[in-house]
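Asks: Sharing coords-v2.cif here; it has mmCIF, C-alpha atoms.
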```cif
data_model
#
loop_
_atom_site.label_atom_id
_atom_site.label_comp_id
_atom_site.auth_asym_id
_atom_site.auth_seq_id
_atom_site.Cartn_x
_atom_site.Cartn_y
_atom_site.Cartn_z
CA MET A 1 24.53 49.03 100.00
CA GLN A 2 24.15 46.91 96.88
CA PHE A 3 21.09 47.56 94.74
CA GLN A 4 18.58 44.72 94.35
CA VAL A 5 15.59 44.48 92.03
CA THR A 6 12.61 43.62 94.26
CA ASN A 7 9.19 42.37 93.19
CA GLU A 8 7.67 45.46 94.76
CA LEU A 9 9.83 47.76 92.63
CA LEU A 10 9.04 45.83 89.44
CA GLU A 11 5.32 45.89 90.16
CA ASN A 12 5.50 49.64 90.79
CA VAL A 13 7.32 50.25 87.48
CA GLN A 14 4.91 48.00 85.57
CA HIS A 15 1.92 49.76 87.12
CA LEU A 16 3.21 53.19 86.07
CA ILE A 17 3.89 51.94 82.54
CA ALA A 18 0.43 50.37 82.25
CA ASN A 19 -1.17 53.67 83.27
CA ASN A 20 1.14 55.80 81.08
CA ASP A 21 2.24 57.75 84.16
CA ASP A 22 5.38 59.04 82.50
CA LYS A 23 6.22 61.82 84.94
CA PRO A 24 6.06 59.66 88.12
CA LEU A 25 7.98 56.92 86.28
CA LYS A 26 10.75 59.36 85.32
CA THR A 27 10.87 60.64 88.90
CA LEU A 28 11.13 57.09 90.25
CA LEU A 29 13.89 56.04 87.85
CA SER A 30 15.84 59.26 88.41
CA GLU A 31 16.62 57.99 91.91
CA PHE A 32 18.67 55.10 90.51
CA HIS A 33 22.09 54.82 88.87
CA TYR A 34 21.98 53.89 85.19
CA ALA A 35 23.48 50.46 86.01
CA ASP A 36 20.60 49.87 88.43
CA ILE A 37 18.06 50.88 85.79
CA ALA A 38 19.69 48.36 83.44
CA GLU A 39 19.08 45.64 86.06
CA ILE A 40 15.43 46.68 86.23
CA LEU A 41 15.11 46.50 82.44
CA ASP A 42 16.70 43.04 82.41
CA GLU A 43 13.86 41.83 84.65
CA LEU A 44 11.00 43.53 82.76
CA ASN A 45 9.29 42.12 79.70
CA PHE A 46 10.54 43.38 76.37
CA GLU A 47 7.70 45.82 75.69
CA ASP A 48 8.13 47.53 79.06
CA ALA A 49 11.90 47.77 78.57
CA ILE A 50 11.43 49.46 75.19
CA TYR A 51 8.87 51.83 76.75
CA ILE A 52 11.44 53.02 79.31
CA ILE A 53 14.24 53.34 76.74
CA LYS A 54 12.05 55.58 74.58
CA LEU A 55 10.79 57.53 77.60
CA LEU A 56 14.15 58.59 79.07
CA ASP A 57 16.59 61.01 77.46
CA SER A 58 19.48 59.71 75.34
CA GLU A 59 22.08 60.88 77.86
CA THR A 60 20.66 58.38 80.35
CA THR A 61 19.60 55.55 78.04
CA SER A 62 22.96 55.48 76.24
CA ASP A 63 24.65 54.51 79.50
CA ILE A 64 21.86 52.03 80.28
CA LEU A 65 22.44 50.26 76.97
CA THR A 66 26.08 49.57 77.85
CA GLU A 67 25.03 47.82 81.07
CA LEU A 68 22.20 45.68 79.71
CA ASP A 69 22.40 41.93 79.26
CA GLU A 70 23.61 41.30 75.70
CA ASP A 71 20.46 39.43 74.67
CA VAL A 72 18.20 42.18 76.02
CA ARG A 73 20.29 44.88 74.35
CA GLU A 74 20.18 43.01 71.04
CA LYS A 75 16.38 42.88 71.11
CA ILE A 76 16.10 46.54 72.03
CA LEU A 77 18.48 47.63 69.26
CA GLU A 78 16.46 45.62 66.76
CA ASN A 79 13.43 47.71 67.66
CA LEU A 80 15.13 51.09 67.45
CA SER A 81 15.56 52.96 64.20
CA ALA A 82 19.02 53.79 62.86
CA LYS A 83 18.47 57.42 63.84
CA GLU A 84 17.45 56.46 67.40
CA ILE A 85 20.54 54.28 67.82
CA ALA A 86 22.72 57.08 66.41
CA GLU A 87 21.28 59.48 69.01
CA GLU A 88 22.20 56.99 71.74
CA VAL A 89 25.80 56.36 70.62
CA GLU A 90 26.51 60.06 70.15
CA GLU A 91 26.24 60.37 73.93
CA LEU A 92 28.82 57.63 74.53
CA ASP A 93 32.60 57.53 74.52
CA SER A 94 33.97 56.22 71.25
CA ASP A 95 34.85 52.76 72.62
CA ASP A 96 31.37 52.12 74.06
CA ALA A 97 29.76 53.50 70.90
CA ALA A 98 31.87 51.19 68.74
CA ASP A 99 31.01 48.20 70.94
CA ILE A 100 27.27 48.79 70.54
CA ILE A 101 27.42 49.45 66.80
CA GLY A 102 29.69 46.43 66.39
CA GLU A 103 26.86 44.19 67.59
CA LEU A 104 24.71 45.19 64.62
CA SER A 105 24.71 43.69 61.13
CA GLU A 106 26.94 45.38 58.56
CA GLU A 107 23.92 46.92 56.85
CA ARG A 108 22.60 48.35 60.11
CA GLN A 109 26.07 49.59 61.06
CA GLU A 110 26.28 51.65 57.88
CA ALA A 111 22.78 53.02 58.44
CA VAL A 112 23.52 54.06 62.03
CA ILE A 113 26.91 55.60 61.22
CA SER A 114 25.34 57.65 58.42
CA GLN A 115 22.94 59.16 60.98
CA ILE A 116 25.69 60.33 63.36
CA GLU A 117 25.95 64.09 63.02
CA ASP A 118 29.26 64.63 64.83
CA GLU A 119 31.79 63.98 62.05
CA GLU A 120 34.75 63.63 64.43
CA HIS A 121 32.89 61.13 66.61
CA LYS A 122 31.79 59.24 63.50
CA ALA A 123 35.38 58.98 62.24
CA GLU A 124 36.60 57.74 65.64
CA ILE A 125 33.92 55.04 65.76
CA GLN A 126 34.75 53.87 62.24
CA GLU A 127 38.42 53.67 63.16
CA LEU A 128 37.70 51.56 66.25
CA LEU A 129 35.39 49.22 64.34
CA ALA A 130 38.32 48.31 62.09
CA TYR A 131 40.20 46.69 65.00
CA ASP A 132 39.67 43.19 66.30
CA GLU A 133 37.59 43.36 69.48
CA ASP A 134 40.10 41.20 71.38
CA THR A 135 43.01 43.59 70.79
CA ALA A 136 44.10 46.83 72.41
CA GLY A 137 42.66 48.67 69.40
CA GLY A 138 39.27 47.10 70.03
CA LEU A 139 39.37 48.17 73.68
CA MET A 140 40.70 51.70 73.41
CA ALA A 141 38.78 54.96 73.45
CA LYS A 142 39.85 57.94 71.40
CA GLU A 143 38.98 60.42 74.15
CA LEU A 144 42.07 61.54 76.05
CA VAL A 145 43.97 64.66 77.09
CA LYS A 146 46.99 65.23 74.85
CA VAL A 147 49.54 68.06 75.05
CA TYR A 148 52.73 68.95 73.23
CA GLY A 149 56.12 69.02 74.87
CA THR A 150 56.83 72.49 73.51
CA TRP A 151 53.88 74.07 75.33
CA THR A 152 54.34 76.01 78.56
CA VAL A 153 52.42 75.00 81.68
CA ALA A 154 50.21 78.11 81.46
CA GLY A 155 49.41 77.53 77.80
CA CYS A 156 48.83 73.85 78.45
CA ILE A 157 46.23 74.50 81.16
CA ARG A 158 44.31 76.81 78.86
CA ARG A 159 44.30 74.31 76.00
CA ILE A 160 43.41 71.16 77.97
CA ARG A 161 40.20 72.72 79.26
CA GLY A 162 38.71 72.22 75.83
CA GLN A 163 39.92 68.64 75.60
CA ALA A 164 38.91 67.60 79.12
CA LYS A 165 35.21 68.33 78.57
CA ASP A 166 35.03 65.27 76.26
CA VAL A 167 36.89 62.95 78.66
CA THR A 168 34.90 61.25 81.41
CA ARG A 169 37.91 60.84 83.72
CA VAL A 170 41.33 62.42 83.34
CA HIS A 171 43.74 59.79 84.68
CA SER A 172 46.85 61.10 82.97
CA ILE A 173 47.89 63.76 80.49
CA TYR A 174 49.86 62.36 77.57
CA VAL A 175 52.71 64.30 76.02
CA VAL A 176 53.51 64.03 72.30
CA ASN A 177 55.94 65.67 69.91
CA LYS A 178 55.05 67.40 66.65
CA GLU A 179 54.88 64.00 64.88
CA GLU A 180 52.18 62.92 67.42
CA LYS A 181 54.54 60.32 68.91
CA LEU A 182 54.17 59.55 72.62
CA ILE A 183 57.14 60.97 74.54
CA GLY A 184 55.88 61.27 78.11
CA ARG A 185 53.05 61.72 80.56
CA LEU A 186 52.20 63.87 83.55
CA SER A 187 49.52 63.94 86.21
CA LEU A 188 47.23 66.81 87.04
CA LYS A 189 49.25 67.26 90.24
CA ASP A 190 52.46 67.65 88.21
CA LEU A 191 50.77 70.24 86.02
CA ILE A 192 49.17 72.26 88.81
CA THR A 193 52.29 72.42 90.98
CA ALA A 194 54.64 73.39 88.13
CA LYS A 195 55.64 76.98 87.37
CA SER A 196 53.60 78.69 84.65
CA GLU A 197 56.58 79.37 82.40
CA GLU A 198 58.02 75.84 82.53
CA LYS A 199 57.95 73.71 79.38
CA ILE A 200 55.83 70.57 79.44
CA ALA A 201 58.77 68.51 78.15
CA ASP A 202 60.77 69.53 81.23
CA ILE A 203 58.22 68.32 83.80
CA ALA A 204 56.82 65.27 81.96
CA LYS A 205 57.87 61.76 82.95
CA ASP A 206 59.41 59.99 79.98
CA ASN A 207 59.08 56.42 81.34
CA VAL A 208 55.60 55.81 79.98
CA ASP A 209 53.91 52.40 80.14
CA TYR A 210 52.04 51.80 76.89
CA VAL A 211 50.63 49.00 74.75
CA ASN A 212 50.63 48.45 71.01
CA VAL A 213 47.32 48.70 69.19
CA LYS A 214 47.76 45.06 68.02
CA ASP A 215 48.43 43.63 71.50
CA ASP A 216 46.05 40.97 72.78
CA ALA A 217 43.44 42.16 75.27
CA GLU A 218 44.65 39.66 77.89
CA ASP A 219 48.21 40.99 77.58
CA VAL A 220 46.91 44.51 78.13
CA ALA A 221 45.07 43.33 81.24
CA ARG A 222 48.26 41.75 82.61
CA VAL A 223 50.27 44.94 82.05
CA MET A 224 47.66 47.13 83.77
CA ALA A 225 47.33 44.69 86.67
CA LYS A 226 51.10 44.40 87.10
CA TYR A 227 51.65 48.16 87.30
CA ASP A 228 48.34 49.05 89.00
CA LEU A 229 47.33 51.37 86.17
CA GLU A 230 43.96 53.09 85.91
CA ALA A 231 44.59 53.89 82.25
CA ILE A 232 47.23 53.12 79.64
CA PRO A 233 47.97 54.81 76.30
CA VAL A 234 47.76 52.88 73.03
CA VAL A 235 50.29 53.46 70.25
CA ASP A 236 51.07 52.04 66.81
CA ASP A 237 54.39 50.59 65.65
CA ASP A 238 55.77 54.11 65.19
CA LEU A 239 54.77 55.12 68.77
CA THR A 240 52.05 57.43 67.43
CA LEU A 241 49.47 58.01 70.17
CA LEU A 242 46.12 56.53 69.09
CA GLY A 243 43.99 56.33 72.23
CA ARG A 244 43.83 55.02 75.78
CA ILE A 245 42.38 52.04 77.64
CA THR A 246 40.79 52.55 81.05
CA ILE A 247 40.40 50.12 83.93
CA ASP A 248 36.63 49.66 83.42
CA ASP A 249 37.31 48.06 80.03
CA ILE A 250 39.93 45.78 81.56
CA VAL A 251 37.50 44.63 84.27
CA ASP A 252 35.15 43.53 81.48
CA VAL A 253 38.00 41.64 79.78
CA LEU A 254 38.93 39.85 83.01
CA LYS A 255 35.30 38.92 83.67
CA GLU A 256 34.83 37.55 80.16
CA GLU A 257 38.06 35.57 80.38
CA ALA A 258 37.11 34.17 83.79
CA ASP A 259 33.70 33.12 82.45
CA LYS A 260 35.33 31.45 79.45
CA ASP A 261 37.91 29.62 81.57
CA TYR A 262 35.22 28.48 83.99
CA GLN A 263 33.18 27.03 81.14
CA LEU A 264 36.25 25.34 79.62
CA ALA A 265 37.07 23.84 83.01
CA ALA A 266 33.52 22.48 83.18
CA GLY A 267 33.84 20.98 79.71
CA ILE A 268 31.83 23.59 77.79
CA THR A 269 33.49 24.49 74.51
CA GLN A 270 31.43 27.55 73.50
CA ASP A 271 30.42 30.80 75.15
CA VAL A 272 26.88 30.06 76.35
CA ASP A 273 24.55 31.00 79.17
CA SER A 274 21.51 29.41 80.77
CA ASP A 275 19.06 31.31 78.52
CA ASP A 276 20.49 29.91 75.27
CA SER A 277 18.54 27.37 73.22
CA ILE A 278 18.74 23.63 73.84
CA ILE A 279 20.56 23.18 70.52
CA GLU A 280 23.22 25.79 71.42
CA LEU A 281 23.72 24.29 74.88
CA THR A 282 23.99 20.79 73.40
CA ARG A 283 26.65 21.89 70.91
CA ALA A 284 28.65 23.42 73.75
CA ARG A 285 28.43 20.44 76.10
CA LEU A 286 28.38 17.39 73.83
CA PRO A 287 32.05 17.29 72.69
CA TRP A 288 33.43 16.85 76.20
CA LEU A 289 30.61 14.52 77.22
CA PHE A 290 31.55 12.41 74.20
CA LEU A 291 35.18 12.46 75.38
CA GLY A 292 34.00 11.24 78.77
CA LEU A 293 32.10 8.44 77.06
CA ILE A 294 35.22 7.39 75.13
CA GLY A 295 37.16 7.49 78.38
CA GLY A 296 34.61 5.24 80.04
CA ILE A 297 34.84 2.78 77.17
CA GLY A 298 38.63 2.85 77.47
CA ALA A 299 38.39 2.09 81.20
CA PHE A 300 36.02 -0.80 80.44
CA ILE A 301 38.47 -2.28 77.93
CA ILE A 302 41.32 -2.01 80.45
CA MET A 303 39.30 -3.61 83.23
CA GLU A 304 38.17 -6.41 80.91
CA GLY A 305 41.83 -7.18 80.21
CA PHE A 306 42.35 -7.79 83.93
CA GLN A 307 39.25 -9.99 84.32
CA GLU A 308 41.27 -12.94 85.60
CA SER A 309 42.71 -10.72 88.34
CA PHE A 310 39.19 -9.76 89.36
CA ASN A 311 38.18 -13.40 89.66
CA GLN A 312 41.12 -14.15 91.93
CA TYR A 313 41.31 -10.83 93.83
CA ALA A 314 37.79 -9.37 93.81
CA VAL A 315 38.79 -6.75 96.37
CA LEU A 316 40.77 -4.94 93.65
CA PHE A 317 37.54 -4.27 91.76
CA PHE A 318 35.92 -2.50 94.69
CA PHE A 319 38.79 -0.02 95.00
CA THR A 320 38.75 0.89 91.29
CA PRO A 321 36.41 3.92 91.72
CA LEU A 322 38.63 5.24 94.55
CA ILE A 323 41.79 5.03 92.42
CA ALA A 324 40.11 6.67 89.41
CA ALA A 325 38.63 9.45 91.57
CA MET A 326 41.96 10.19 93.26
CA ALA A 327 43.72 10.33 89.88
CA GLY A 328 41.14 12.76 88.53
CA ASN A 329 41.14 14.94 91.65
CA VAL A 330 44.92 15.23 91.87
CA GLY A 331 45.18 15.99 88.16
CA VAL A 332 42.58 18.77 88.38
CA GLN A 333 44.27 20.24 91.48
CA SER A 334 47.66 20.33 89.80
CA SER A 335 46.38 21.74 86.52
CA ALA A 336 44.24 24.36 88.29
CA ILE A 337 47.31 25.75 90.10
CA ILE A 338 49.32 25.92 86.87
CA VAL A 339 46.46 27.46 84.86
CA GLN A 340 45.95 30.10 87.54
CA GLY A 341 49.69 30.83 87.56
CA LEU A 342 49.77 31.15 83.77
CA ALA A 343 46.80 33.52 83.84
CA ASN A 344 48.53 35.71 86.43
CA ASP A 345 51.93 35.36 84.74
CA ASP A 346 53.30 33.84 87.96
CA VAL A 347 54.73 30.64 86.47
CA LYS A 348 58.50 31.03 86.57
CA GLY A 349 61.38 28.64 85.99
CA SER A 350 61.81 25.65 83.70
CA VAL A 351 59.25 22.95 83.01
CA ASN A 352 61.58 20.36 84.56
CA SER A 353 61.76 22.24 87.86
CA ARG A 354 57.96 22.47 87.93
CA LEU A 355 57.60 18.74 87.26
CA ILE A 356 60.15 17.81 89.96
CA LYS A 357 58.38 20.01 92.50
CA GLU A 358 54.99 18.52 91.60
CA MET A 359 56.40 14.98 91.78
CA LEU A 360 57.73 15.58 95.30
CA LEU A 361 54.45 17.18 96.39
CA ALA A 362 52.39 14.36 94.89
CA ALA A 363 54.66 11.75 96.48
CA LEU A 364 54.24 13.31 99.93
CA ASN A 365 50.47 13.52 99.59
CA GLY A 366 50.34 10.04 98.10
CA VAL A 367 52.34 8.45 100.93
CA ILE A 368 50.17 10.08 103.62
CA LEU A 369 46.97 8.92 101.92
CA ALA A 370 48.42 5.47 101.17
CA ILE A 371 49.28 4.86 104.83
CA PHE A 372 45.70 5.56 105.82
CA LEU A 373 44.40 3.35 102.99
CA PHE A 374 46.83 0.54 103.88
CA VAL A 375 45.61 0.45 107.47
CA PHE A 376 41.98 0.45 106.33
CA VAL A 377 42.38 -2.35 103.75
CA TRP A 378 44.47 -4.49 106.10
CA ALA A 379 41.96 -4.05 108.92
CA TYR A 380 39.03 -4.71 106.60
CA ASN A 381 40.48 -7.56 104.53
CA GLY A 382 43.17 -8.97 106.80
CA GLU A 383 45.63 -9.58 103.96
CA MET A 384 48.78 -7.45 103.97
CA ASP A 385 49.79 -8.19 100.36
CA LYS A 386 46.50 -6.85 98.98
CA ALA A 387 46.65 -3.80 101.24
CA LEU A 388 50.22 -3.16 100.09
CA ALA A 389 49.32 -3.57 96.40
CA ILE A 390 46.40 -1.10 96.61
CA SER A 391 48.38 1.44 98.67
CA VAL A 392 51.48 1.40 96.46
CA SER A 393 49.25 1.74 93.41
CA LEU A 394 47.62 4.81 94.98
CA VAL A 395 51.01 6.51 95.48
CA ALA A 396 52.04 5.82 91.88
CA VAL A 397 48.71 6.99 90.47
CA ILE A 398 48.81 10.23 92.47
CA ILE A 399 52.38 11.00 91.32
CA ILE A 400 51.57 10.35 87.64
CA ALA A 401 48.32 12.34 87.85
CA GLY A 402 50.16 15.27 89.40
CA LEU A 403 52.79 15.22 86.67
CA ILE A 404 50.16 15.07 83.91
CA GLY A 405 48.15 17.85 85.55
CA THR A 406 51.28 20.02 85.59
CA PHE A 407 52.70 19.17 82.17
CA VAL A 408 49.54 19.35 80.05
CA PRO A 409 48.59 23.01 80.73
CA LEU A 410 52.24 24.07 80.30
CA PHE A 411 52.37 22.18 77.00
CA LEU A 412 49.08 23.65 75.77
CA ASN A 413 50.18 27.16 76.72
CA LYS A 414 53.43 26.72 74.73
CA ARG A 415 51.33 25.68 71.71
CA GLY A 416 49.07 28.73 71.99
CA ILE A 417 46.06 26.73 73.25
CA ASP A 418 44.05 28.01 76.22
CA PRO A 419 45.43 25.97 79.16
CA ALA A 420 42.10 26.28 81.02
CA ILE A 421 40.95 23.33 78.94
CA ALA A 422 43.33 21.19 81.02
CA THR A 423 41.34 21.69 84.24
CA GLY A 424 38.21 20.02 82.90
CA PRO A 425 37.11 16.64 81.54
CA PHE A 426 40.24 16.35 79.36
CA ILE A 427 42.56 15.96 82.34
CA THR A 428 40.03 14.01 84.41
CA THR A 429 39.33 11.45 81.69
CA SER A 430 42.98 10.93 80.76
CA ASN A 431 43.95 10.46 84.40
CA ASP A 432 41.04 8.09 85.01
CA ILE A 433 42.17 5.79 82.21
CA LEU A 434 45.87 5.98 83.03
CA GLY A 435 45.15 5.62 86.74
CA ILE A 436 43.13 2.42 86.28
CA LEU A 437 45.77 0.96 83.96
CA LEU A 438 48.58 1.77 86.40
CA TYR A 439 46.55 0.48 89.34
CA PHE A 440 45.98 -2.98 87.90
CA TRP A 441 49.48 -3.25 86.47
CA ILE A 442 51.16 -2.49 89.81
CA ALA A 443 48.70 -4.67 91.75
CA LYS A 444 49.33 -7.54 89.35
CA LEU A 445 53.08 -7.08 89.72
CA ILE A 446 53.03 -7.03 93.54
CA LEU A 447 50.55 -9.88 93.90
CA GLY A 448 52.29 -12.02 91.26
CA ILE A 449 49.11 -12.63 89.32
#
```
Starting from the file, lay out its structure as structure tokens.
Replies:
Amino acid sequence: MQFQVTNELLENVQHLIANNDDKPLKTLLSEFHYADIAEILDELNFEDAIYIIKLLDSETTSDILTELDEDVREKILENLSAKEIAEEVEELDSDDAADIIGELSEERQEAVISQIEDEEHKAEIQELLAYDEDTAGGLMAKELVKVYGTWTVAGCIRRIRGQAKDVTRVHSIYVVNKEEKLIGRLSLKDLITAKSEEKIADIAKDNVDYVNVKDDAEDVARVMAKYDLEAIPVVDDDLTLLGRITIDDIVDVLKEEADKDYQLAAGITQDVDSDDSIIELTRARLPWLFLGLIGGIGAFIIMEGFQESFNQYAVLFFFTPLIAAMAGNVGVQSSAIIVQGLANDDVKGSVNSRLIKEMLLAALNGVILAIFLFVFVWAYNGEMDKALAISVSLVAVIIIAGLIGTFVPLFLNKRGIDPAIATGPFITTSNDILGILLYFWIAKLILGI
């Protein structure tokens, strides 16, 4: 059953805090997972959230910090001393510790790192902070189980006990040579079922999936999704084993990417949420709203150029919104399919084959819709030539919109630009303008205006 923060629970927590009933409060919170406690803190006022963070032990609060809303976590970290933050991150895996410290100013980062007593953990965090957060290096954790190919199974089991205590989950055991280069992997099952005297190199699998420390986070996500991996090792250009990335980090990457693509599709150019300031939200929304305004002005100019046609065939004017809407809808549908395919690495074949397929699909849809529209206009207006002009225009507009919706995201992707931008106002506005222009040009041609 999914946990939900209820008003009754919040009131209970607030009452215990107000009365300084620390023991009952600890008992109450001990019943919840740390992710659930983070949800509770997100709903409390800042003072109460700080009270709980300082009340609970670092082993619990360190995990809570990783689950908090970024804005809430930022405020809490601002009100903790460097030593208090250091105590929190010492309880975390190196990747989570680096993520939290990375949110601080450079001055605060140095202060916190200087307070970390575990020298090995400190060095690992400093190493991870040097990598870009959107690369495999920025995602990886240093904690892993590593063995040498020259070890025997019996010796390996003895040695990995010491390593495993620092690793939250042992997904795989990585095998390296004396130069620390990755040469294989084995599962716990492989290790347990092997004979004690066997060499690790003899039972290890040498076909290891791995990523380079410089690889983009999205590429890492695609590799792990393709091969259904729970963890993947990270190496440098010389195949030296540096760390590993686990599935929980990849879930975060996919969520962030989905949020970004959704905002781009809606015409929001920056990473924002509903709690941001009016100025920040305006900066994120205004560019595409301005594009929409320019598109509307362009449509006005086009329609003004066909004013004489309006005077003679007023019925054309009334179908303008329908044509523009169909162009926009078809374009968004086409681009959405391509963008999704690009994100999942499912887009195969040449651009030409994609465009031909989309043209045939758009033509079929356009003809079906045009037949319905032809019957409606003819029945409503009684003039076949006008019904034919509007219907033929609809087919042409749908075909062109489908081609644009397919080509634009493919083109943007080739140029290294996020193709998700093509599912939003960009594609809608361009198709609106082109659709209206095509509509009046074809209608004028058929009607002999």
Asks: Could you please determine the separation between atom CA of Asp432 of chain A and atom CA of Leu316 of chain A in Å, to one decimal place?
Replies: 15.6 Å
Asks: Find the spatial neighbours of Ile17 of chain A, counting all atoms listed in the file, within a cut-off of 8 Å - ignore same-chain residues fewer than 5 positions away - and output them as a compact mmCIF listing (two decimals) with C-alpha atoms, in the frame of the given file.
Replies:
```
# COMPACT_ATOMS: atom_id res chain seq x y z
CA ASP A 22 5.38 59.04 82.50
CA LEU A 25 7.98 56.92 86.28
CA ASP A 48 8.13 47.53 79.06
CA TYR A 51 8.87 51.83 76.75
```
Asks: Which residues are near Asp69 of chain A? Cut-off 10 Å, only C-alpha atoms, ignore same chain within fewer than 4 positions. Put them as a PyMOL selection string.
Replies: chain A and resi 38-39+41-42+65+73-74
Asks: So which residues touch Ala98 of chain A within 12 Å, counting all atoms listed in the file, skipping near sequence neighbours fewer than 5 positions away, as a JSON list (two decimals) with C-alpha atoms, keeping the file's coordinate frame?
Replies:
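The file below, selection_13.json, is the result:
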```
[["chain", "number", "residue", "atom", "x", "y", "z"],
["A", 66, "THR", "CA", 26.08, 49.57, 77.85],
["A", 85, "ILE", "CA", 20.54, 54.28, 67.82],
["A", 86, "ALA", "CA", 22.72, 57.08, 66.41],
["A", 88, "GLU", "CA", 22.20, 56.99, 71.74],
["A", 89, "VAL", "CA", 25.80, 56.36, 70.62],
["A", 90, "GLU", "CA", 26.51, 60.06, 70.15],
["A", 91, "GLU", "CA", 26.24, 60.37, 73.93],
["A", 92, "LEU", "CA", 28.82, 57.63, 74.53],
["A", 93, "ASP", "CA", 32.60, 57.53, 74.52],
["A", 103, "GLU", "CA", 26.86, 44.19, 67.59],
["A", 104, "LEU", "CA", 24.71, 45.19, 64.62],
["A", 109, "GLN", "CA", 26.07, 49.59, 61.06],
["A", 112, "VAL", "CA", 23.52, 54.06, 62.03],
["A", 113, "ILE", "CA", 26.91, 55.60, 61.22],
["A", 121, "HIS", "CA", 32.89, 61.13, 66.61],
["A", 122, "LYS", "CA", 31.79, 59.24, 63.50],
["A", 123, "ALA", "CA", 35.38, 58.98, 62.24],
["A", 124, "GLU", "CA", 36.60, 57.74, 65.64],
["A", 125, "ILE", "CA", 33.92, 55.04, 65.76],
["A", 126, "GLN", "CA", 34.75, 53.87, 62.24],
["A", 127, "GLU", "CA", 38.42, 53.67, 63.16],
["A", 128, "LEU", "CA", 37.70, 51.56, 66.25],
["A", 129, "LEU", "CA", 35.39, 49.22, 64.34],
["A", 130, "ALA", "CA", 38.32, 48.31, 62.09],
["A", 131, "TYR", "CA", 40.20, 46.69, 65.00],
["A", 132, "ASP", "CA", 39.67, 43.19, 66.30],
["A", 133, "GLU", "CA", 37.59, 43.36, 69.48],
["A", 137, "GLY", "CA", 42.66, 48.67, 69.40],
["A", 138, "GLY", "CA", 39.27, 47.10, 70.03],
["A", 139, "LEU", "CA", 39.37, 48.17, 73.68],
["A", 140, "MET", "CA", 40.70, 51.70, 73.41],
["A", 141, "ALA", "CA", 38.78, 54.96, 73.45],
["A", 142, "LYS", "CA", 39.85, 57.94, 71.40]]
```
Asks: How many Å lie between atom CA of Tyr34 of chain A and atom CA of Thr61 of chain A, rounded to one decimal?
Replies: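 We find that atom CA of Tyr34 of chain A and atom CA of Thr61 of chain A lie 7.7 Å from each other.
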Asks: Run the PyMOL selection byres ((chain A and resi 3) around 12) mentally over the shown coordinates, then write out the matched residues as a ChimeraX atom specification, using the chain letters and numbers from the document.
Replies: /A:1-2,4-6,9,31-40
Asks: Quick check, in Å to one decimal: how far apart do atom CA of Leu29 of chain A and atom CA of Ser62 of chain A lie?
Replies: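 According to the coordinates, atom CA of Leu29 of chain A and atom CA of Ser62 of chain A are separated by 14.7 Å.
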Asks: Do you know which residues are at most 9 Å from segment 398-409 of chain A counting only C-alpha atoms, after dropping those on the same chain fewer than 6 positions away, and could you put them as number ranges by chain?
Replies: A: 323, 326-339, 342, 351, 354-356, 358-363, 365-366, 417-423, 427, 430-432, 434-435
Asks: Of the residues A:Phe372, A:Met303, A:Ala49, A:Gly416, which is the one nearest to Phe440 of chain A, using only C-alpha atoms?
Replies: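 For Phe440 of chain A, the nearest of the candidates is A:Met303.
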Asks: Using all atoms listed in the file, which of A:Ala324, A:Phe319, A:Arg108, A:Val347 sits nearest Gly296 of chain A?
Replies: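 The shortest atom-to-atom distance to Gly296 of chain A comes from A:Ala324.
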Asks: Show me, as a CSV table (one decimal) with C-alpha atoms, in the frame of the given file, the residues that have an atom within 12 Å of Trp441 of chain A when counting only C-alpha atoms, minus same-chain residues fewer than 3 positions from it.
Replies:
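Just written: result38.csv:
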```csv
chain,number,residue,atom,x,y,z
A,302,ILE,CA,41.3,-2.0,80.4
A,303,MET,CA,39.3,-3.6,83.2
A,305,GLY,CA,41.8,-7.2,80.2
A,306,PHE,CA,42.4,-7.8,83.9
A,309,SER,CA,42.7,-10.7,88.3
A,316,LEU,CA,40.8,-4.9,93.6
A,389,ALA,CA,49.3,-3.6,96.4
A,390,ILE,CA,46.4,-1.1,96.6
A,392,VAL,CA,51.5,1.4,96.5
A,393,SER,CA,49.2,1.7,93.4
A,394,LEU,CA,47.6,4.8,95.0
A,396,ALA,CA,52.0,5.8,91.9
A,397,VAL,CA,48.7,7.0,90.5
A,434,LEU,CA,45.9,6.0,83.0
A,435,GLY,CA,45.2,5.6,86.7
A,436,ILE,CA,43.1,2.4,86.3
A,437,LEU,CA,45.8,1.0,84.0
A,438,LEU,CA,48.6,1.8,86.4
A,444,LYS,CA,49.3,-7.5,89.4
A,445,LEU,CA,53.1,-7.1,89.7
A,446,ILE,CA,53.0,-7.0,93.5
A,447,LEU,CA,50.6,-9.9,93.9
A,448,GLY,CA,52.3,-12.0,91.3
A,449,ILE,CA,49.1,-12.6,89.3
```
Asks: Can you work out which one of A:Val175, A:Leu56, A:Ala443, A:Val234 has the shortest atom-to-atom distance to Thr320 of chain A, counting all atoms listed in the file?
Replies: A:Ala443
Asks: Taking the file as shown, what set of residues would the PyMOL selection byres ((chain A and resi 373) around 10) give back, as a ChimeraX atom specification?
Replies: /A:367-372,374-379,387-388,390-392,394
Asks: Quick one: which residues end up in the PyMOL selection byres ((chain A and resi 241-244) around 7) for this structure, as a list of chain:residue names?
Replies: A:Met140, A:Ala141, A:Lys142, A:Glu143, A:Leu144, A:Glu180, A:Lys181, A:Leu182, A:Ala231, A:Ile232, A:Pro233, A:Val234, A:Val235, A:Leu239, A:Thr240, A:Ile245, A:Thr246
